[in-house]
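Dropping final.pdb in here (PDB, C-alpha atoms, pLDDT in the B column):
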ATOM      1  CA  LEU H   1       0.000   0.000   0.000  1.00 88.00           C
ATOM      2  CA  LEU H   2       2.668   2.546   1.024  1.00 93.00           C
ATOM      3  CA  LEU H   3       4.870   1.628  -1.933  1.00 90.00           C
ATOM      4  CA  ARG H   4       2.010   2.004  -4.420  1.00 88.00           C
ATOM      5  CA  CYS H   5       0.510   5.123  -2.865  1.00 88.00           C
ATOM      6  CA  PRO H   6       3.033   7.111  -0.803  1.00 90.00           C
ATOM      7  CA  PRO H   7       0.987   9.239   1.640  1.00 90.00           C
ATOM      8  CA  LEU H   8       3.251  12.308   1.410  1.00 89.00           C
ATOM      9  CA  GLY H   9       4.360  12.132  -2.213  1.00 89.00           C
ATOM     10  CA  PRO H  10       7.188  10.110  -3.794  1.00 89.00           C
ATOM     11  CA  TRP H  11       9.541   8.556  -1.269  1.00 91.00           C
ATOM     12  CA  SER H  12      12.775  10.495  -0.934  1.00 89.00           C
ATOM     13  CA  PRO H  13      15.524  11.059   1.645  1.00 87.00           C
ATOM     14  CA  GLY H  14      13.526  14.100   2.726  1.00 90.00           C
ATOM     15  CA  THR H  15      10.785  11.803   4.055  1.00 95.00           C
ATOM     16  CA  HIS H  16      11.675  10.191   7.374  1.00 97.00           C
ATOM     17  CA  VAL H  17       9.949   6.876   8.121  1.00 97.00           C
ATOM     18  CA  MET H  18      10.195   5.195  11.526  1.00 98.00           C
ATOM     19  CA  ASP H  19       9.200   1.542  11.879  1.00 98.00           C
ATOM     20  CA  LEU H  20       8.254   0.497  15.423  1.00 98.00           C
ATOM     21  CA  GLY H  21       8.626  -3.142  16.424  1.00 97.00           C
ATOM     22  CA  THR H  22      10.522  -3.676  13.191  1.00 97.00           C
ATOM     23  CA  GLY H  23      11.377  -7.364  13.721  1.00 96.00           C
ATOM     24  CA  THR H  24      13.203  -8.488  10.595  1.00 95.00           C
ATOM     25  CA  GLY H  25      13.051  -4.923   9.266  1.00 95.00           C
ATOM     26  CA  LEU H  26      11.076  -5.824   6.138  1.00 94.00           C
ATOM     27  CA  VAL H  27       8.767  -2.780   6.083  1.00 95.00           C
ATOM     28  CA  GLY H  28      11.512  -0.259   6.770  1.00 94.00           C
ATOM     29  CA  LEU H  29      13.864  -1.881   4.283  1.00 94.00           C
ATOM     30  CA  ALA H  30      11.227  -1.798   1.549  1.00 93.00           C
ATOM     31  CA  LEU H  31      10.524   1.893   2.123  1.00 94.00           C
ATOM     32  CA  SER H  32      14.237   2.619   2.301  1.00 92.00           C
ATOM     33  CA  ALA H  33      14.728   0.882  -1.044  1.00 90.00           C
ATOM     34  CA  ALA H  34      11.930   3.086  -2.418  1.00 91.00           C
ATOM     35  CA  GLY H  35      13.943   6.153  -1.419  1.00 91.00           C
ATOM     36  CA  ALA H  36      12.818   7.072   2.112  1.00 94.00           C
ATOM     37  CA  ARG H  37      15.121   7.806   5.027  1.00 94.00           C
ATOM     38  CA  ALA H  38      14.238   4.941   7.329  1.00 95.00           C
ATOM     39  CA  THR H  39      14.764   4.312  11.030  1.00 97.00           C
ATOM     40  CA  LEU H  40      14.076   0.776  12.269  1.00 98.00           C
ATOM     41  CA  THR H  41      13.451   0.306  15.996  1.00 98.00           C
ATOM     42  CA  ASP H  42      12.956  -2.662  18.281  1.00 98.00           C
ATOM     43  CA  LEU H  43      14.140  -4.204  21.551  1.00 97.00           C
ATOM     44  CA  PRO H  44      17.857  -4.947  22.072  1.00 97.00           C
ATOM     45  CA  HIS H  45      17.546  -8.702  21.545  1.00 97.00           C
ATOM     46  CA  ILE H  46      15.831  -8.162  18.167  1.00 96.00           C
ATOM     47  CA  THR H  47      17.832  -5.319  16.606  1.00 97.00           C
ATOM     48  CA  PRO H  48      20.838  -7.539  15.660  1.00 97.00           C
ATOM     49  CA  LEU H  49      18.617  -9.376  13.166  1.00 96.00           C
ATOM     50  CA  ALA H  50      17.242  -6.145  11.726  1.00 96.00           C
ATOM     51  CA  ARG H  51      20.742  -4.692  11.571  1.00 95.00           C
ATOM     52  CA  ALA H  52      22.061  -7.730   9.715  1.00 95.00           C
ATOM     53  CA  ASN H  53      19.202  -7.574   7.226  1.00 94.00           C
ATOM     54  CA  ALA H  54      19.762  -3.848   6.729  1.00 92.00           C
ATOM     55  CA  ALA H  55      23.446  -4.417   6.034  1.00 89.00           C
ATOM     56  CA  ALA H  56      22.686  -7.223   3.594  1.00 89.00           C
ATOM     57  CA  ASN H  57      19.903  -5.456   1.706  1.00 84.00           C
ATOM     58  CA  ALA H  58      20.735  -1.757   1.833  1.00 61.00           C
ATOM     59  CA  PRO H  59      24.492  -1.358   2.124  1.00 55.00           C
ATOM     60  CA  HIS H  60      26.088   2.086   2.136  1.00 53.00           C
ATOM     61  CA  GLY H  61      26.803   3.378  -1.340  1.00 50.00           C
ATOM     62  CA  ALA H  62      24.016   1.415  -3.024  1.00 51.00           C
ATOM     63  CA  GLY H  63      23.025   4.056  -5.546  1.00 54.00           C
ATOM     64  CA  HIS H  64      20.374   6.442  -4.228  1.00 54.00           C
ATOM     65  CA  VAL H  65      19.434   4.112  -1.360  1.00 61.00           C
ATOM     66  CA  LEU H  66      20.244   5.382   2.113  1.00 75.00           C
ATOM     67  CA  ALA H  67      21.146   2.643   4.549  1.00 84.00           C
ATOM     68  CA  PRO H  68      18.477   2.662   7.259  1.00 91.00           C
ATOM     69  CA  ARG H  69      19.384   3.275  10.868  1.00 94.00           C
ATOM     70  CA  VAL H  70      18.579   0.438  13.273  1.00 97.00           C
ATOM     71  CA  LEU H  71      18.072   1.696  16.827  1.00 98.00           C
ATOM     72  CA  GLU H  72      17.002   0.201  20.137  1.00 98.00           C
ATOM     73  CA  TYR H  73      13.792   1.556  21.586  1.00 98.00           C
ATOM     74  CA  ALA H  74      11.192   0.249  24.033  1.00 98.00           C
ATOM     75  CA  TRP H  75       7.728   1.776  23.727  1.00 97.00           C
ATOM     76  CA  GLY H  76       6.982   4.243  26.478  1.00 94.00           C
ATOM     77  CA  ASP H  77      10.624   5.107  27.150  1.00 96.00           C
ATOM     78  CA  PRO H  78      11.744   8.742  26.743  1.00 96.00           C
ATOM     79  CA  VAL H  79      12.262   9.551  23.067  1.00 97.00           C
ATOM     80  CA  GLY H  80      14.939  12.248  23.269  1.00 97.00           C
ATOM     81  CA  ALA H  81      17.907   9.958  22.599  1.00 97.00           C
ATOM     82  CA  LEU H  82      16.029   8.080  19.892  1.00 97.00           C
ATOM     83  CA  LEU H  83      15.090  11.257  18.033  1.00 97.00           C
ATOM     84  CA  ALA H  84      18.641  12.592  18.339  1.00 97.00           C
ATOM     85  CA  GLN H  85      20.055   9.414  16.789  1.00 97.00           C
ATOM     86  CA  ALA H  86      17.311   9.226  14.165  1.00 96.00           C
ATOM     87  CA  GLY H  87      17.784  12.824  13.061  1.00 94.00           C
ATOM     88  CA  GLY H  88      14.432  14.220  14.171  1.00 96.00           C
ATOM     89  CA  ARG H  89      10.783  13.301  14.310  1.00 97.00           C
ATOM     90  CA  PRO H  90       9.385  11.024  11.617  1.00 97.00           C
ATOM     91  CA  ASP H  91       7.016  12.091   8.872  1.00 97.00           C
ATOM     92  CA  VAL H  92       5.537   8.596   8.724  1.00 98.00           C
ATOM     93  CA  ILE H  93       5.427   5.894  11.407  1.00 98.00           C
ATOM     94  CA  THR H  94       4.739   2.264  10.567  1.00 98.00           C
ATOM     95  CA  ALA H  95       4.039  -0.730  12.784  1.00 98.00           C
ATOM     96  CA  SER H  96       2.918  -4.222  11.815  1.00 95.00           C
ATOM     97  CA  ASP H  97       1.324  -6.924  13.950  1.00 93.00           C
ATOM     98  CA  VAL H  98       1.903  -5.109  17.248  1.00 95.00           C
ATOM     99  CA  LEU H  99      -1.574  -5.124  18.836  1.00 94.00           C
ATOM    100  CA  TYR H 100      -1.978  -8.736  19.971  1.00 90.00           C
ATOM    101  CA  ASP H 101      -0.717  -8.031  23.519  1.00 92.00           C
ATOM    102  CA  ALA H 102      -3.222  -5.738  25.261  1.00 92.00           C
ATOM    103  CA  ALA H 103      -0.663  -4.792  27.902  1.00 94.00           C
ATOM    104  CA  MET H 104       1.604  -3.284  25.257  1.00 95.00           C
ATOM    105  CA  ARG H 105      -0.976  -1.021  23.640  1.00 96.00           C
ATOM    106  CA  PRO H 106      -0.766   1.798  26.252  1.00 96.00           C
ATOM    107  CA  PRO H 107       3.059   1.989  25.896  1.00 97.00           C
ATOM    108  CA  LEU H 108       2.649   1.940  22.119  1.00 98.00           C
ATOM    109  CA  LEU H 109       0.221   4.864  22.226  1.00 97.00           C
ATOM    110  CA  ALA H 110       2.522   6.728  24.616  1.00 97.00           C
ATOM    111  CA  ALA H 111       5.379   6.204  22.163  1.00 98.00           C
ATOM    112  CA  LEU H 112       3.289   7.479  19.260  1.00 98.00           C
ATOM    113  CA  ARG H 113       2.250  10.573  21.194  1.00 96.00           C
ATOM    114  CA  ALA H 114       5.878  11.305  22.056  1.00 97.00           C
ATOM    115  CA  LEU H 115       7.266  10.627  18.576  1.00 98.00           C
ATOM    116  CA  CYS H 116       4.666  12.296  16.366  1.00 97.00           C
ATOM    117  CA  ALA H 117       5.072  15.775  14.989  1.00 96.00           C
ATOM    118  CA  PRO H 118       1.718  17.400  14.248  1.00 94.00           C
ATOM    119  CA  HIS H 119       1.968  16.371  10.593  1.00 95.00           C
ATOM    120  CA  THR H 120       3.071  12.768  11.205  1.00 97.00           C
ATOM    121  CA  LEU H 121       0.927   9.997   9.730  1.00 97.00           C
ATOM    122  CA  THR H 122       0.978   6.575  11.386  1.00 98.00           C
ATOM    123  CA  PHE H 123       0.010   3.324   9.665  1.00 98.00           C
ATOM    124  CA  ILE H 124      -0.629   0.263  11.815  1.00 97.00           C
ATOM    125  CA  ALA H 125      -1.361  -3.082  10.180  1.00 96.00           C
ATOM    126  CA  TYR H 126      -2.566  -6.183  11.961  1.00 95.00           C
ATOM    127  CA  ARG H 127      -4.182  -9.535  11.432  1.00 92.00           C
ATOM    128  CA  LYS H 128      -7.429 -10.086  13.293  1.00 90.00           C
ATOM    129  CA  ARG H 129      -6.870 -12.713  15.961  1.00 86.00           C
ATOM    130  CA  ARG H 130      -9.099 -11.700  18.854  1.00 82.00           C
ATOM    131  CA  ALA H 131     -11.601  -9.004  19.765  1.00 80.00           C
ATOM    132  CA  GLU H 132      -9.034  -7.253  21.956  1.00 80.00           C
ATOM    133  CA  GLU H 133      -7.233  -5.901  18.904  1.00 88.00           C
ATOM    134  CA  GLU H 134     -10.411  -4.226  17.682  1.00 90.00           C
ATOM    135  CA  ARG H 135     -10.367  -1.975  20.751  1.00 93.00           C
ATOM    136  CA  PHE H 136      -7.199  -0.223  19.652  1.00 96.00           C
ATOM    137  CA  ALA H 137      -8.963   2.254  17.355  1.00 95.00           C
ATOM    138  CA  ALA H 138     -11.074   3.559  20.232  1.00 95.00           C
ATOM    139  CA  GLU H 139      -8.028   3.658  22.498  1.00 96.00           C
ATOM    140  CA  ALA H 140      -6.135   5.683  19.900  1.00 97.00           C
ATOM    141  CA  GLU H 141      -9.056   8.098  19.546  1.00 96.00           C
ATOM    142  CA  ALA H 142      -9.054   8.569  23.327  1.00 95.00           C
ATOM    143  CA  ALA H 143      -5.307   9.268  23.174  1.00 96.00           C
ATOM    144  CA  GLY H 144      -5.867  12.188  20.791  1.00 95.00           C
ATOM    145  CA  PHE H 145      -5.593  10.598  17.363  1.00 97.00           C
ATOM    146  CA  ALA H 146      -7.983  10.709  14.440  1.00 96.00           C
ATOM    147  CA  VAL H 147      -8.279   7.124  13.218  1.00 96.00           C
ATOM    148  CA  ALA H 148      -9.389   5.836   9.818  1.00 96.00           C
ATOM    149  CA  GLN H 149      -9.371   2.306   8.457  1.00 95.00           C
ATOM    150  CA  VAL H 150      -7.880   1.912   5.008  1.00 95.00           C
ATOM    151  CA  PRO H 151     -10.626   0.414   2.793  1.00 94.00           C
ATOM    152  CA  PRO H 152      -9.835  -3.261   2.112  1.00 93.00           C
ATOM    153  CA  HIS H 153      -9.949  -2.792  -1.662  1.00 92.00           C
ATOM    154  CA  MET H 154      -6.883  -0.556  -1.403  1.00 93.00           C
ATOM    155  CA  LEU H 155      -4.841  -3.432   0.027  1.00 93.00           C
ATOM    156  CA  ALA H 156      -3.109  -6.102  -2.010  1.00 92.00           C
ATOM    157  CA  PRO H 157      -5.588  -8.765  -3.212  1.00 93.00           C
ATOM    158  CA  GLU H 158      -4.369 -11.392  -0.758  1.00 93.00           C
ATOM    159  CA  TYR H 159      -5.203  -9.063   2.146  1.00 91.00           C
ATOM    160  CA  GLN H 160      -8.733  -8.103   1.101  1.00 93.00           C
ATOM    161  CA  ASP H 161     -10.650 -10.919   2.808  1.00 92.00           C
ATOM    162  CA  GLY H 162     -11.331  -8.920   5.983  1.00 90.00           C
ATOM    163  CA  THR H 163      -8.737 -10.757   8.058  1.00 92.00           C
ATOM    164  CA  TYR H 164      -6.233  -7.928   7.779  1.00 94.00           C
ATOM    165  CA  VAL H 165      -6.691  -4.320   8.868  1.00 96.00           C
ATOM    166  CA  VAL H 166      -4.616  -1.209   8.217  1.00 96.00           C
ATOM    167  CA  LEU H 167      -5.350   1.847  10.367  1.00 97.00           C
ATOM    168  CA  ARG H 168      -4.182   5.365   9.626  1.00 97.00           C
ATOM    169  CA  LEU H 169      -3.660   7.678  12.593  1.00 97.00           C
ATOM    170  CA  ALA H 170      -3.172  11.445  12.553  1.00 96.00           C
ATOM    171  CA  VAL H 171      -2.695  13.708  15.544  1.00 95.00           C
ATOM    172  CA  ARG H 172      -6.046  15.377  16.217  1.00 88.00           C
ATOM    173  CA  ASP H 173      -5.016  17.914  18.839  1.00 69.00           C
ATOM    174  CA  ALA H 174      -1.873  19.018  17.040  1.00 54.00           C
ATOM    175  CA  ALA H 175      -1.451  22.059  19.277  1.00 41.00           C
ATOM    176  CA  ASP H 176      -0.818  19.758  22.276  1.00 46.00           C
ATOM    177  CA  VAL H 177       2.075  17.917  20.641  1.00 41.00           C
ATOM    178  CA  GLU H 178       5.567  19.202  21.361  1.00 40.00           C
ATOM    179  CA  MET H 179       7.138  21.046  18.483  1.00 33.00           C
ATOM    180  CA  CYS H 180      10.221  19.433  16.994  1.00 33.00           C
ATOM    181  CA  VAL H 181      13.632  20.254  18.403  1.00 29.00           C
ATOM    182  CA  ALA H 182      15.555  23.019  16.683  1.00 29.00           C
ATOM    183  CA  GLY H 183      16.956  21.849  13.385  1.00 32.00           C
ATOM    184  CA  ASP H 184      14.458  19.065  12.706  1.00 37.00           C
ATOM    185  CA  ASN H 185      13.411  18.956   9.043  1.00 37.00           C
ATOM    186  CA  ASP H 186      15.099  22.259   8.287  1.00 35.00           C
ATOM    187  CA  GLY H 187      12.506  24.384  10.028  1.00 31.00           C
ATOM    188  CA  VAL H 188       9.448  23.052   8.196  1.00 32.00           C
ATOM    189  CA  SER H 189       6.279  24.297   9.879  1.00 30.00           C
ATOM    190  CA  TYR H 190       4.945  21.180  11.560  1.00 31.00           C
ATOM    191  CA  GLN H 191       1.996  23.120  12.938  1.00 34.00           C
ATOM    192  CA  GLN H 192       0.690  23.940   9.475  1.00 37.00           C
ATOM    193  CA  GLN H 193       1.327  20.428   8.153  1.00 38.00           C
ATOM    194  CA  GLY H 194      -0.229  18.884  11.231  1.00 39.00           C
ATOM    195  CA  GLN H 195      -3.421  20.866  10.850  1.00 39.00           C
ATOM    196  CA  ALA H 196      -3.709  19.724   7.255  1.00 42.00           C
ATOM    197  CA  ALA H 197      -3.138  16.086   8.241  1.00 40.00           C
ATOM    198  CA  ALA H 198      -5.655  16.238  11.057  1.00 38.00           C
ATOM    199  CA  GLU H 199      -8.280  17.972   8.918  1.00 40.00           C
ATOM    200  CA  GLY H 200      -7.989  15.109   6.447  1.00 41.00           C
ATOM    201  CA  CYS H 201      -9.249  12.768   9.185  1.00 37.00           C
ATOM    202  CA  ASP H 202     -11.686  14.941  11.136  1.00 36.00           C
ATOM    203  CA  GLY H 203     -15.067  13.874  12.400  1.00 34.00           C
ATOM    204  CA  ASP H 204     -16.974  15.523   9.549  1.00 35.00           C
ATOM    205  CA  VAL H 205     -16.011  12.828   7.075  1.00 33.00           C
ATOM    206  CA  SER H 206     -15.908   9.128   7.843  1.00 38.00           C
ATOM    207  CA  GLY H 207     -12.508   7.517   7.564  1.00 42.00           C
ATOM    208  CA  GLU H 208     -13.587   5.221   4.767  1.00 43.00           C
ATOM    209  CA  GLU H 209     -15.183   8.003   2.717  1.00 43.00           C
ATOM    210  CA  GLU H 210     -12.085  10.149   3.130  1.00 43.00           C
ATOM    211  CA  LEU H 211      -9.794   7.329   2.069  1.00 44.00           C
ATOM    212  CA  GLU H 212     -12.125   6.439  -0.800  1.00 43.00           C
ATOM    213  CA  GLN H 213     -11.607   9.984  -2.060  1.00 42.00           C
ATOM    214  CA  GLU H 214      -7.853   9.498  -1.803  1.00 42.00           C
ATOM    215  CA  ASP H 215      -8.261   6.318  -3.826  1.00 40.00           C
ATOM    216  CA  VAL H 216      -9.971   8.318  -6.580  1.00 32.00           C
ATOM    217  CA  GLU H 217      -7.191  10.890  -6.529  1.00 37.00           C
ATOM    218  CA  HIS H 218      -4.563   8.142  -6.739  1.00 35.00           C
ATOM    219  CA  ARG H 219      -6.532   5.844  -9.051  1.00 33.00           C
ATOM    220  CA  PRO H 220      -3.687   5.152 -11.511  1.00 33.00           C
ATOM    221  CA  CYS H 221      -1.513   4.154  -8.568  1.00 36.00           C
ATOM    222  CA  ALA H 222      -4.168   2.023  -6.901  1.00 32.00           C
ATOM    223  CA  GLN H 223      -4.809   0.017 -10.062  1.00 32.00           C
ATOM    224  CA  GLN H 224      -1.210  -0.982 -10.534  1.00 30.00           C
TER     225      GLN H 224
END

Just give me the structure of the file as structure tokens.
Amino acid sequence: LLLRCPPLGPWSPGTHVMDLGTGTGLVGLALSAAGARATLTDLPHITPLARANAAANAPHGAGHVLAPRVLEYAWGDPVGALLAQAGGRPDVITASDVLYDAAMRPPLLAALRALCAPHTLTFIAYRKRRAEEERFAAEAEAAGFAVAQVPPHMLAPEYQDGTYVVLRLAVRDAADVEMCVAGDNDGVSYQQQGQAAAEGCDGDVSGEEELEQEDVEHRPCAQQ
């Protein structure tokens, strides 16, 4: 989905993607290969695998591809050191199959609140296993995010049977999110971008209708 229809325009080193709970690093590596500046994060006992995969698949000097950074981070921990090593707040956050443990959802939401700039878009994908996972959307709304489900027809055909869900989160109360540290993203106005991102997911338009409209706008891409 993100390779076919980049949410912020063509992937480039100017777009910072952060993958939480990266595991093998597949999502971050794919977006890095597409041109994004990628940061892959996970717990210390998992990052060696992601780091090895990053070295094998996106070595330094491989054309236009920037080797992704692989960093240790536990959800809910302070983000200052992580952001300093990553080079600033991400424009896009991704996370896959991270909702199955109910006890980890509050730390995940705390991490998202701390990491997001007002314009940041977060995409969380999961496979339906139990009803607990379905509660995350409401929990994210309560944490200050506007949440929309990506319509199934926008997913790859093998993921359109209703078993898989992709949620898009945008900061709703952008004014309450800390502004980026000096120097992040060359002084881009996060406040203005954040308002635009939040307005795209406000309560006046249902998430599916809003994403359906995006599908129309990106129709050539979606049909590929």

Exercise. Determine the nearest neighbour of Ala148 in chain H from the options H:Arg168, H:Leu121, H:Glu132, H:Gln160, counting only C-alpha atoms.
Key: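 That would be H:Arg168, the residue with the smallest distance to Ala148 in chain H.
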
Quiz prompt | Neighbour list for Arg37 in chain H as a list in words, cut-off 7 Å, all atoms listed in the file, skip fewer than 4 positions in-chain | solution =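 Counting all atoms listed in the file, the residues come to Ser12, Pro13, Gly14, Thr15, His16, Val17, Ser32, Leu66 and Pro68 of chain H.
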
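Non-sequential neighbours of Leu43 in chain H (distance at most 12 Å, separation of 6 or more positions within a chain, all atoms listed in the file) are Leu20, Gly21, Thr22, Gly23, Thr24, Leu49, Ala50, Arg51, Val70, Leu71, Glu72, Tyr73, Ala74, Trp75 and Asp77 of chain H.
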
Quiz prompt | Computed interatomic separation between CA of Glu158 in chain H and CA of Ala33 in chain H (Å) | solution =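 About the pair CA of Glu158 in chain H and CA of Ala33 in chain H: they are 22.7 Å apart.
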
Quiz item: Nearest to Leu1 in chain H among H:Ala131, H:Ala30, H:Ala146, H:Ala117, with distances taken over only C-alpha atoms: which residue is it?
Solution: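 Using only C-alpha atoms, Leu1 in chain H sits closest to H:Ala30.
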
Exercise. List every protein, DNA or RNA residue that has an atom no more than 9 Å from (-3.7, -2.2, -1.6) in the file's coordinate frame, counting all atoms listed in the file, and report them as number ranges by chain.
Key: H: 1-2, 4-5, 150-157, 159-160, 222-223

Quiz prompt | Between CA of Arg69 in chain H and CA of Phe136 in chain H - distance in Å to one decimal | solution =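 Calculated distance between CA of Phe136 in chain H and CA of Arg69 in chain H is 28.2 Å.
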
Quiz item: Between CA of Arg135 in chain H and CA of Leu40 in chain H, what is the spacing in Å?
Solution: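 Separation between CA of Leu40 in chain H and CA of Arg135 in chain H: 26.0 Å.
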
Quiz item: Of the candidates H:Trp11, H:Phe145, H:Tyr164, H:Tyr126, which shows the shortest atom-to-atom distance to Leu109 in chain H, using all atoms listed in the file?
Solution: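 Going through H:Trp11, H:Phe145, H:Tyr164, H:Tyr126 one by one, the smallest distance to Leu109 in chain H is for H:Phe145.
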
Quiz item: Applied to the shown file, which residues does the PyMOL selection byres ((chain H and resi 102) around 12) return, written as a list in words?
Solution: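 The output of the PyMOL selection byres ((chain H and resi 102) around 12) on this file is Val98, Leu99, Tyr100, Asp101, Ala103, Met104, Arg105, Pro106, Pro107, Leu108, Leu109, Arg130, Ala131, Glu132, Glu133, Glu134, Arg135, Phe136 and Glu139 of chain H.
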
Quiz item: Between H:Cys116, H:Ala125, H:Val27, H:Val165, which one has atoms that come closest to Asp91 in chain H, using all atoms listed in the file?
Solution: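 Checking each candidate against Asp91 in chain H, we get H:Cys116 as the closest.
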
Quiz item: Quick one: residues within 6 Å of Thr122 in chain H, all atoms listed in the file counted, chain neighbours fewer than 3 positions away excluded, as a list in words?
Solution: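 Listing them by chain and then by number gives Val92, Ile93, Thr94, Arg168 and Leu169 of chain H.
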